[in-house]
Amino acid sequence: MSNSLYGPLADPSADAGYPDGHPPRVGFFTDTSVCIGCKACEVACKEWNALPADGAHHDQPDLLDLTGMSYDNTGALGASTYRHVAFIEQTVPRRESPTVDLGMPAPPEGRGDPTEVRWLMSSDVCKHCTHAACLDVCPTGALIRTEHGTVLVQDDICNGCGYCIPACPYGVIDQRKGPKELGGGGAFKCTMCQDRLGAGLQPACATACPTESIQFGPLDELRERADARLATLHEHGVPEARLYGHDPDDGVGGDGAFFLLLDEPEVYGLPPDPVVTTRDLPSMWRHAAVAALTVAATVAASFVGGRR
Amino acid sequence: MAEAHPVGFQWVMEAKKRGATVIHVDPRFTRTSAVADLHVPIRAGTDIAFLGGLIHHVLETGTYFEDYVRAYTNAPMILREDFRDTEDLDGLFSGFDPATATYDVTSWEYADDAVEPAVGPRDDRPVAEHERGQIAGSGGAPMSKEPRRDDTLQHPRCVFQVLRRHFSRYTPEMVHEVCGIDPETFAQVADALTRNSGRERTSAFAYAVGWTHHTVGVQYIRAASILQMLLGNIGRPGGGILALRGHASIQGSTDIPTLFDMLPGYIPMPHAHREQDLDTFIAANTGNKGFWGNMDTYVVSLLKSWFGDAATPENDFCFDLLPRLTGDHSSFRTVMAQARGEVPGYFVIGENPATGTANARQQRQGLATLEWLIVRDLNMIETATFWKDGPEIETGEMRTEDIGTEVFFLPAAAHSEKDGTFTNTQRLLQWHHKAVEPPGDCRSDLWFYYEIGKRIKARLAGSTDPKDRALQALTWDYPVDDTGEPSADAVLREINGTGPDDATLGGYTELKADGSTRCGCWIYSGVYADETNQSQRRKPGRDQDLAAHEWGWAWPANRRVLYNRASADPDGKPWSERKKLVWWDAVGKTWTGGDVPDFPATTAPDYRPPEGARAAEAIGGDEPFVMQADGRAWLHAPAGLLDGPMPAHYEPQESPVPNALHPRQRANPARQEFDRPDNRYHPAPGMPGADVFPFVFTTFRVTEHHTAGGMSRWTPHLNELMPEMFLEVSPELAALRGLENGQWCHVVTARSAIEGKALVTERAKPLRMGGTTIHQIGVPWHWGSNGLSTGDAANELLSVALDPNVHIMETKAATCDIRPGRRPHGPDLVTFLADYRRRAGLET
C-alpha cells in the first residue's frame, strides 16, 4: 500500500486497503450537453437521502425567496444539497446555418438579431476525487474510501471538526447547521447513494435523470463513453465541448464524478485546475522537518556559540 | 416540452442524439430552447400565420409528398360552387351569420353531396351549432355517396387549388410582419422540415396548451395537420402530431370523458331536442363507411355495461335513461350560470378553479353563490378556502358572513396511494400500483364515487319518480378490498367489456348490437383481453422491437401508430425501406409489419367496395383513414368544425396590432365572447384606451411546479427550487418601465393586477416587426395564496374568451401593463383597477 496523495492511481480502493475482488470503482459522468435543467436529480437526491429543503439560503432554510440568478434557486452544493443544477445565461454570436435559398426575395431587414442566447445547465456533485483531501485531513476517520472507490462521510463518527471543508478543492463538503439530533455540526456531502449501491441500485439522481445527462457506472466504462460522446460532438460542430475531471493526470488524480462541459469550467463555477490540497503534504512535512532541524541546529549552535 | 414534460422529453433528446433536428417555436426561450438546434421566437397568438407560411412554402415550392397527397388526402375533392374563402370575403368564410356569430357550414361541403355533420340531419328544433353534442371528436361525418374528385388536382374548385389560394398570401414577408420571425429563420425551419419529410424521412410536431389555449386553438391544430398531410407525415413512423396533454391522464379523461358533450369513446352526448330514441340516434351518428359504421355496437354495448340486465331490446337498452344536453354546459357557461344563482351544488375534483381557471375572480364569485361545494384534493387548496381568505375577502368585495356556500373538503389519495391507469398522449394505458396506503381519511376518487353512488342508490331505491330510474337501473357492484377500496382492476375489466359467457372481449370488433356484449368504452376494448390486465405489461424496450407492443397497451387494439396503412403506398408496398411500418403481404393475403395494422386485416390494396357496402366493408383497399367518411385525411374539413373549414390567421381576443392578413376580421369571428362587467376585454388596437395595455403576456409553466400548484406548492423539495412568483421580462422592457431583477413588479389588466419578482433575462427579447416593437412578458401560473410558497395567480389577469369548437379559453396571449413595485392591496386594489378601466374607456 502506497497511500499516495497525488498522481494517477488506478485503484483507490486497493490503495485504501480493500483486498482483491472488491467491486470496480464507480462514478458519475455528467453530460451537460443533454441536461434540460429539470432538477429531478436534486429532488430525487433529497428524497432518497431524507435531506431537508434549504433553498438557496443554506443558513436560513425557512427563507423562501427567488435568487434572481436565472432558474437557479439552489445556489451551491451544501450540507443538505448534494446535487446542484447551475443555470448560466449567455449572449453569444448567432450560430451560422447553411444558407438556404428558397427563391424568395430577401426583405430589406435581412436576418434578425446577430446574437443568440445560450442557456447552459449542469448538475454539479461531489467529485469523489482519486486523491480526496477531505479524507486525507479527516482526523477521526469519519471520511473513508469505500469499496466502490467513492468517498463517504460516516456521520456517526464525524465530530464536526470541519477540517475537511477548506480541504476540498471544489468547495463541496459543508457542515450542517441546526440541532445535533438532525446531524447539526456534522459534515455532509454526496454519498453516491452508498446504501443503494450495496443493493445493486444506481444512485437516486442517475435513476431520476430523464435525459441520461447523469450517467452512473464503472469509471473505466464512463471514461470510454465520455470520449466517444466528445468525439461525436466535435464531429457535429460543437468544438466547444470538453471533458472536465476525467484525466487521471490532473491535480486530483482524476475525478470519480466528471463532466462534459460546453464552456470553460469557471463559467459553471468549477475551478479550472483543481489540485488536491494535500498534494504537498509530504514535502510540507519534509520542509517542516528541515525547518525544525534548522531551528534546532541554530539553537544548538547558539548555545555552542554562547559557551565560547 | 422540456419544461412541462421533462420525462417525455427524453425521447426528443434520444432522437437528437440519433441525428434529429430539434426546432422549438415559442414566444419564450425555455429549457426546451436551450437544447434545441434552433429556437424560433414568435409573437404569442400568431402560429396559424407561421404554419400557414410553411403550408404556402410547401405548396409553392412543390415540396409536398405528391403521391401521398393525391391518394390519401381530400386534395382532389371538388367543393361546392357556393363555397367562398376568407380571401373572397375579407376574412370570413361563406355562411357567416353576424347576428349569432356562427356559421352555417353547408357551403363547406363537397359538391353534389351532403356531408352531414356527425350528429346528423337537422330536426325541426333549432339548436345552435355550438350547443350541440361533440361533433368533431368522432372525425367521421356520414357521407351519402362517393364525392366527385379530380385526381389531376387542377380543377379550380378542388381542395388542392382552394388550399393554394387560401394560403397564397402567407409569404415569408407576411410571416415576418405578423409573427416577428425574420425570413432567414423562417427559411431555416422550412428547409429543415421539407428536407426531413417525404418518402425517406418523416418529421413530427409536438404541441401542448401553447397551441390549444386560444380563441382559434382548434384551427392551430388543423394548420399543423394540413402541413403534416401535405408532407406525408401522418400514419408513418416518426411522423404525426403529438398532443402533450396538460395533466398525467388528460388523454384518459377525454377518452372516457369528463366533458359534457361526449359519452365514452367519442360518442356524442344525446341532445334533449334531437334524436329521441336509440334507432334515430344511431342512424344520425353512424358513418356509412369505416369504423364509425359500427356505432350501434358501441352504443348498445355501452348501455348494456351501464344498465346491465335492465337494458333490453324492448326498452331501447335504456337509451331513454341517458342524460341529455339542453345546451352548452361547458365549464365557463356553468360558472356564469352560478353567478345568476342557477347552480345549487358543485363538485371540484382534482382542480383548483379559484386560482387555476381564467378570470379566477369570476370563478370565486360563482363559488360564493352555491348552496354546497365539494372539494376533493390532496391539499387545502384555494378553492376550498376562498370564503375565508380569498382575494375578495382582502379587498372587501366579499364578506365571509355573506357567503352561504357550505364547503365540504374531502382529502384525496394521490396516484401513488391507489391503483389505476394513466393514458398518455400516445393513447398508451399504463397501470400504476398502489405503493403506500393513503394517510388518514384520504381516499381514492374511485372509492368516493363508488360510495356516493351506493348511498344515493340506497336512498332512491323506493322512488317511483321516473327521473330516478337511471340511477336505479345503473349497475353498481365492484369487489372491494379489506379497506373498502373498490378494485380498479375490475373497473378496467368492465371498460374492456365481456361477451355472453362473461369472458373478456378481445377487442371492439367483437362488439354486438343485439345486447349480447357489454363494453364501457369501445376504444379501450382489448385492454383486458385474455382475462389479463394488459396495461400492467412492463417488458423493457430493449427486450423487444422498436414499437414495444408489450409495454402497457395502446388504444385501439394496441396500435402504436394510427392510420398506419398510410405508411404503405396505394399498392400496399412501404413508401420506402427506411420508413416501412405496415404493408400488404400478397402471399399471406394479409396486412402485416411492425405494428398492428390500422386497417381491415384482409382487405387487399386493390379491393373496391361494392355498391351498398357499409362500415368496414365500405373501406377501399387504398383508403387508410378508416375513421373518416371518405377514407381520406382532410386538408379542407367539409364538416365537423364551427369556425372554418381551413385555418385562417386571426389575432387573439387581445393583441397589440391589427390583423395584417384580414384587416376587417381582427379576431376569430366565431369565437365565444362574454363582455360583462366581471370580464372586460381590452380595446382593440388603434381604439381609444388600447395604449393603456401596451404589452403582450403569455402564461407558462416551469418544471418545478405543477399546474395551479395544488400538488407542488405543498412539497418542500419543489418549493425550494422555485420559491416565489416571478415575471419574466426582457432587459429592454425592464429599462422602459424601470423594473429591476429580483425586485417587485406588477402586471395589470382590466380584470386584475398581480405582483411578483421581476426576472430580467436576455432570454426574453422584444420582437421587431417593421417599425413595431412588441414586448412579451412571461407569467407562470402556479401560484396562489395557500401552501408553502405563495404568490398571486396568473389567472386573475385573464379574461374568458373561448374557442367555439371546444370552449377553451385564451390564456396564451393577451395584453397588459407592467409597473415596478408591489400592487395595491386591500380596497386600494379595487379603486386602482377601476382607474385603469376608466383610462381604457371600459368604465365611466
# chains A, B, ... in the order shown; residues from 1 in each chain; ligands from 1
>>> residues_around(residues="B:Ile808", least_positions_apart="6", cutoff="8 Å", atoms="only C-alpha atoms", output="ChimeraX atom specification")
/B:212-215,217,801-802
>>> write_last_selection(atoms="C-alpha atoms", output="JSON list (two decimals), in the first residue's frame")
[["chain", "number", "residue", "atom", "x", "y", "z"],
["B", 212, "THR", "CA", -54.78, 24.97, -27.69],
["B", 213, "HIS", "CA", -55.43, 27.83, -25.27],
["B", 214, "HIS", "CA", -56.52, 30.27, -27.93],
["B", 215, "THR", "CA", -59.76, 31.53, -29.41],
["B", 217, "GLY", "CA", -56.95, 26.75, -30.80],
["B", 801, "ALA", "CA", -62.91, 34.32, -24.47],
["B", 802, "LEU", "CA", -63.35, 30.89, -25.99]]
>>> closest_atom_pairs(of="chain A", to="chain B", cutoff="7 Å", atoms="only C-alpha atoms", output="tab-separated table")
residue	atom	partner	partner_atom	distance
A:Val34	CA	B:Val35	CA	6.8
A:Ile36	CA	B:Arg31	CA	5.9
A:Gly37	CA	B:Arg31	CA	6.8
A:Cys38	CA	B:Thr703	CA	5.9
A:Val43	CA	B:His717	CA	6.0
A:Ala53	CA	B:His717	CA	5.4
A:Asp54	CA	B:Glu720	CA	6.6
A:Gly55	CA	B:Glu720	CA	4.4
A:Leu64	CA	B:Pro723	CA	5.3
A:Asp65	CA	B:Pro723	CA	5.4
A:Leu66	CA	B:Glu724	CA	5.8
A:Thr67	CA	B:Gly742	CA	6.9
A:Gly68	CA	B:Gly742	CA	4.8
A:Asn73	CA	B:Leu721	CA	5.3
A:Thr74	CA	B:Leu721	CA	6.3
A:Val100	CA	B:Ala187	CA	6.5
A:Leu102	CA	B:Ala187	CA	6.9
A:Arg111	CA	B:Glu184	CA	5.5
A:Gly112	CA	B:Asp182	CA	5.6
A:Val117	CA	B:Arg763	CA	6.1
A:Arg118	CA	B:Ala34	CA	6.4
A:Trp119	CA	B:Ala34	CA	5.3
A:Pro210	CA	B:Val7	CA	5.3
A:Thr211	CA	B:Gln10	CA	4.7
>>> write_last_selection(atoms="N, CA and C atoms", output="PDB file, in the first residue's frame")
ATOM      1  N   VAL A  34     -26.750  17.454 -22.673  1.00  0.00           N
ATOM      2  CA  VAL A  34     -28.133  16.977 -22.764  1.00  0.00           C
ATOM      3  C   VAL A  34     -28.926  17.285 -21.492  1.00  0.00           C
ATOM      4  N   ILE A  36     -31.393  19.160 -19.254  1.00  0.00           N
ATOM      5  CA  ILE A  36     -32.511  20.063 -19.513  1.00  0.00           C
ATOM      6  C   ILE A  36     -32.884  20.859 -18.260  1.00  0.00           C
ATOM      7  N   GLY A  37     -32.061  20.781 -17.247  1.00  0.00           N
ATOM      8  CA  GLY A  37     -32.283  21.629 -16.077  1.00  0.00           C
ATOM      9  C   GLY A  37     -33.554  21.333 -15.317  1.00  0.00           C
ATOM     10  N   CYS A  38     -34.015  20.083 -15.365  1.00  0.00           N
ATOM     11  CA  CYS A  38     -35.297  19.772 -14.722  1.00  0.00           C
ATOM     12  C   CYS A  38     -35.167  19.651 -13.215  1.00  0.00           C
ATOM     13  N   VAL A  43     -34.142  16.758  -6.558  1.00  0.00           N
ATOM     14  CA  VAL A  43     -35.296  16.282  -5.783  1.00  0.00           C
ATOM     15  C   VAL A  43     -35.116  14.816  -5.394  1.00  0.00           C
ATOM     16  N   ALA A  53     -35.338  20.605   2.885  1.00  0.00           N
ATOM     17  CA  ALA A  53     -35.306  21.702   1.922  1.00  0.00           C
ATOM     18  C   ALA A  53     -34.584  22.863   2.584  1.00  0.00           C
ATOM     19  N   ASP A  54     -33.639  23.452   1.870  1.00  0.00           N
ATOM     20  CA  ASP A  54     -32.939  24.596   2.453  1.00  0.00           C
ATOM     21  C   ASP A  54     -32.764  25.736   1.467  1.00  0.00           C
ATOM     22  N   GLY A  55     -33.405  25.633   0.315  1.00  0.00           N
ATOM     23  CA  GLY A  55     -33.401  26.727  -0.648  1.00  0.00           C
ATOM     24  C   GLY A  55     -32.004  27.183  -1.006  1.00  0.00           C
ATOM     25  N   LEU A  64     -37.865  31.433   1.875  1.00  0.00           N
ATOM     26  CA  LEU A  64     -38.135  31.010   0.503  1.00  0.00           C
ATOM     27  C   LEU A  64     -38.158  32.251  -0.364  1.00  0.00           C
ATOM     28  N   ASP A  65     -37.076  32.559  -1.001  1.00  0.00           N
ATOM     29  CA  ASP A  65     -37.170  33.663  -1.959  1.00  0.00           C
ATOM     30  C   ASP A  65     -36.312  33.411  -3.180  1.00  0.00           C
ATOM     31  N   LEU A  66     -36.628  34.176  -4.194  1.00  0.00           N
ATOM     32  CA  LEU A  66     -36.014  33.998  -5.501  1.00  0.00           C
ATOM     33  C   LEU A  66     -34.602  34.584  -5.470  1.00  0.00           C
ATOM     34  N   THR A  67     -33.631  33.851  -6.031  1.00  0.00           N
ATOM     35  CA  THR A  67     -32.278  34.411  -6.071  1.00  0.00           C
ATOM     36  C   THR A  67     -32.145  35.469  -7.158  1.00  0.00           C
ATOM     37  N   GLY A  68     -32.985  35.352  -8.184  1.00  0.00           N
ATOM     38  CA  GLY A  68     -32.830  36.245  -9.333  1.00  0.00           C
ATOM     39  C   GLY A  68     -31.693  35.815 -10.249  1.00  0.00           C
ATOM     40  N   ASN A  73     -32.258  28.437  -7.942  1.00  0.00           N
ATOM     41  CA  ASN A  73     -32.627  28.868  -6.598  1.00  0.00           C
ATOM     42  C   ASN A  73     -32.018  27.951  -5.549  1.00  0.00           C
ATOM     43  N   THR A  74     -30.996  27.201  -5.964  1.00  0.00           N
ATOM     44  CA  THR A  74     -30.279  26.328  -5.051  1.00  0.00           C
ATOM     45  C   THR A  74     -28.966  26.986  -4.632  1.00  0.00           C
ATOM     46  N   VAL A 100     -29.893  29.028 -47.002  1.00  0.00           N
ATOM     47  CA  VAL A 100     -30.955  28.312 -47.682  1.00  0.00           C
ATOM     48  C   VAL A 100     -31.575  29.257 -48.692  1.00  0.00           C
ATOM     49  N   LEU A 102     -34.532  29.870 -50.894  1.00  0.00           N
ATOM     50  CA  LEU A 102     -35.889  29.408 -51.169  1.00  0.00           C
ATOM     51  C   LEU A 102     -36.467  30.135 -52.365  1.00  0.00           C
ATOM     52  N   ARG A 111     -31.455  39.303 -42.038  1.00  0.00           N
ATOM     53  CA  ARG A 111     -31.574  38.451 -40.865  1.00  0.00           C
ATOM     54  C   ARG A 111     -31.833  39.296 -39.624  1.00  0.00           C
ATOM     55  N   GLY A 112     -32.306  38.664 -38.607  1.00  0.00           N
ATOM     56  CA  GLY A 112     -32.630  39.400 -37.385  1.00  0.00           C
ATOM     57  C   GLY A 112     -31.409  39.646 -36.529  1.00  0.00           C
ATOM     58  N   VAL A 117     -29.150  33.580 -27.617  1.00  0.00           N
ATOM     59  CA  VAL A 117     -28.987  33.253 -26.210  1.00  0.00           C
ATOM     60  C   VAL A 117     -28.563  31.802 -26.086  1.00  0.00           C
ATOM     61  N   ARG A 118     -27.632  31.565 -25.172  1.00  0.00           N
ATOM     62  CA  ARG A 118     -27.280  30.189 -24.855  1.00  0.00           C
ATOM     63  C   ARG A 118     -27.543  30.008 -23.364  1.00  0.00           C
ATOM     64  N   TRP A 119     -28.201  28.929 -23.023  1.00  0.00           N
ATOM     65  CA  TRP A 119     -28.563  28.688 -21.626  1.00  0.00           C
ATOM     66  C   TRP A 119     -27.925  27.363 -21.237  1.00  0.00           C
ATOM     67  N   PRO A 210     -33.961  12.194 -16.632  1.00  0.00           N
ATOM     68  CA  PRO A 210     -34.716  11.693 -17.780  1.00  0.00           C
ATOM     69  C   PRO A 210     -33.926  11.661 -19.080  1.00  0.00           C
ATOM     70  N   THR A 211     -32.846  12.398 -19.172  1.00  0.00           N
ATOM     71  CA  THR A 211     -32.163  12.505 -20.473  1.00  0.00           C
ATOM     72  C   THR A 211     -30.804  11.827 -20.487  1.00  0.00           C
TER      73      THR A 211
END
>>> residues_around(residues="B:Tyr528", least_positions_apart="5", cutoff="7 Å", atoms="only C-alpha atoms", output="PDB file with N, CA and C atoms, in the first residue's frame")
ATOM      1  N   ARG B 493     -61.698  -4.037 -16.285  1.00  0.00           N
ATOM      2  CA  ARG B 493     -62.284  -5.203 -16.949  1.00  0.00           C
ATOM      3  C   ARG B 493     -63.668  -4.855 -17.498  1.00  0.00           C
ATOM      4  N   ASN B 496     -63.251  -2.795 -20.568  1.00  0.00           N
ATOM      5  CA  ASN B 496     -62.851  -3.664 -21.676  1.00  0.00           C
ATOM      6  C   ASN B 496     -64.058  -4.353 -22.313  1.00  0.00           C
ATOM      7  N   THR B 504     -63.814 -11.915 -20.987  1.00  0.00           N
ATOM      8  CA  THR B 504     -63.458 -10.603 -21.548  1.00  0.00           C
ATOM      9  C   THR B 504     -63.332 -10.672 -23.067  1.00  0.00           C
ATOM     10  N   ASN B 533     -54.847  -8.042 -17.431  1.00  0.00           N
ATOM     11  CA  ASN B 533     -54.741  -6.592 -17.445  1.00  0.00           C
ATOM     12  C   ASN B 533     -53.509  -6.199 -18.280  1.00  0.00           C
ATOM     13  N   GLN B 534     -53.771  -5.899 -19.551  1.00  0.00           N
ATOM     14  CA  GLN B 534     -52.669  -5.662 -20.488  1.00  0.00           C
ATOM     15  C   GLN B 534     -51.921  -4.370 -20.179  1.00  0.00           C
TER      16      GLN B 534
END
>>> residues_around(residues="stretch 235-251 of chain A", least_positions_apart="2", cutoff="10 Å", atoms="only C-alpha atoms", output="JSON, numbers by chain")
{"A": [6, 7, 8, 9, 10, 29, 30, 31, 32, 33, 127, 129, 130, 131, 169, 219, 220, 222, 223, 226, 227, 229, 230, 231, 232, 233, 253, 254, 255, 256, 257, 258, 259, 260, 261, 262, 263, 264, 265, 270, 272, 273, 274, 275, 276, 277, 279], "B": [19]}
>>> residues_around(residues="B:Leu242", least_positions_apart="4", cutoff="9 Å", atoms="only C-alpha atoms", output="PyMOL selection string")
chain B and resi 204-208+425-426
>>> select_by_dssp(residues="stretch 133-260 of chain A", states="alpha helix (DSSP H)", output="ChimeraX atom specification")
/A:133-137,164-167,194-197,204-208,219-235
>>> write_last_selection(atoms="C-alpha atoms", output="mmCIF file, in the first residue's frame")
data_model
loop_
_atom_site.group_PDB
_atom_site.id
_atom_site.type_symbol
_atom_site.label_atom_id
_atom_site.label_comp_id
_atom_site.auth_asym_id
_atom_site.auth_seq_id
_atom_site.Cartn_x
_atom_site.Cartn_y
_atom_site.Cartn_z
ATOM 1 C CA ALA A 133 -8.100 15.911 0.509
ATOM 2 C CA CYS A 134 -11.186 15.821 2.713
ATOM 3 C CA LEU A 135 -10.417 12.217 3.510
ATOM 4 C CA ASP A 136 -6.712 12.834 3.971
ATOM 5 C CA VAL A 137 -7.236 15.568 6.545
ATOM 6 C CA CYS A 164 -12.482 18.731 5.520
ATOM 7 C CA ILE A 165 -14.322 21.892 4.467
ATOM 8 C CA PRO A 166 -11.346 24.071 3.494
ATOM 9 C CA ALA A 167 -9.530 20.977 2.277
ATOM 10 C CA GLN A 194 -23.834 4.099 -0.785
ATOM 11 C CA ASP A 195 -26.975 2.483 0.633
ATOM 12 C CA ARG A 196 -28.296 1.906 -2.897
ATOM 13 C CA LEU A 197 -25.007 0.687 -4.370
ATOM 14 C CA ALA A 204 -31.085 8.244 -6.980
ATOM 15 C CA CYS A 205 -30.009 11.178 -9.184
ATOM 16 C CA ALA A 206 -28.891 8.993 -12.079
ATOM 17 C CA THR A 207 -32.062 6.945 -11.792
ATOM 18 C CA ALA A 208 -34.241 10.061 -11.957
ATOM 19 C CA LEU A 219 -15.482 4.619 -14.073
ATOM 20 C CA ASP A 220 -13.455 2.985 -16.847
ATOM 21 C CA GLU A 221 -16.597 2.464 -18.866
ATOM 22 C CA LEU A 222 -17.802 6.005 -18.252
ATOM 23 C CA ARG A 223 -14.482 7.405 -19.433
ATOM 24 C CA GLU A 224 -14.787 5.462 -22.675
ATOM 25 C CA ARG A 225 -18.371 6.619 -23.134
ATOM 26 C CA ALA A 226 -17.318 10.213 -22.485
ATOM 27 C CA ASP A 227 -14.513 10.030 -25.046
ATOM 28 C CA ALA A 228 -16.955 8.714 -27.635
ATOM 29 C CA ARG A 229 -19.540 11.375 -26.831
ATOM 30 C CA LEU A 230 -16.901 14.088 -27.056
ATOM 31 C CA ALA A 231 -15.775 12.828 -30.449
ATOM 32 C CA THR A 232 -19.378 12.791 -31.693
ATOM 33 C CA LEU A 233 -19.991 16.339 -30.541
ATOM 34 C CA HIS A 234 -16.762 17.538 -32.155
ATOM 35 C CA GLU A 235 -17.786 15.851 -35.391
#
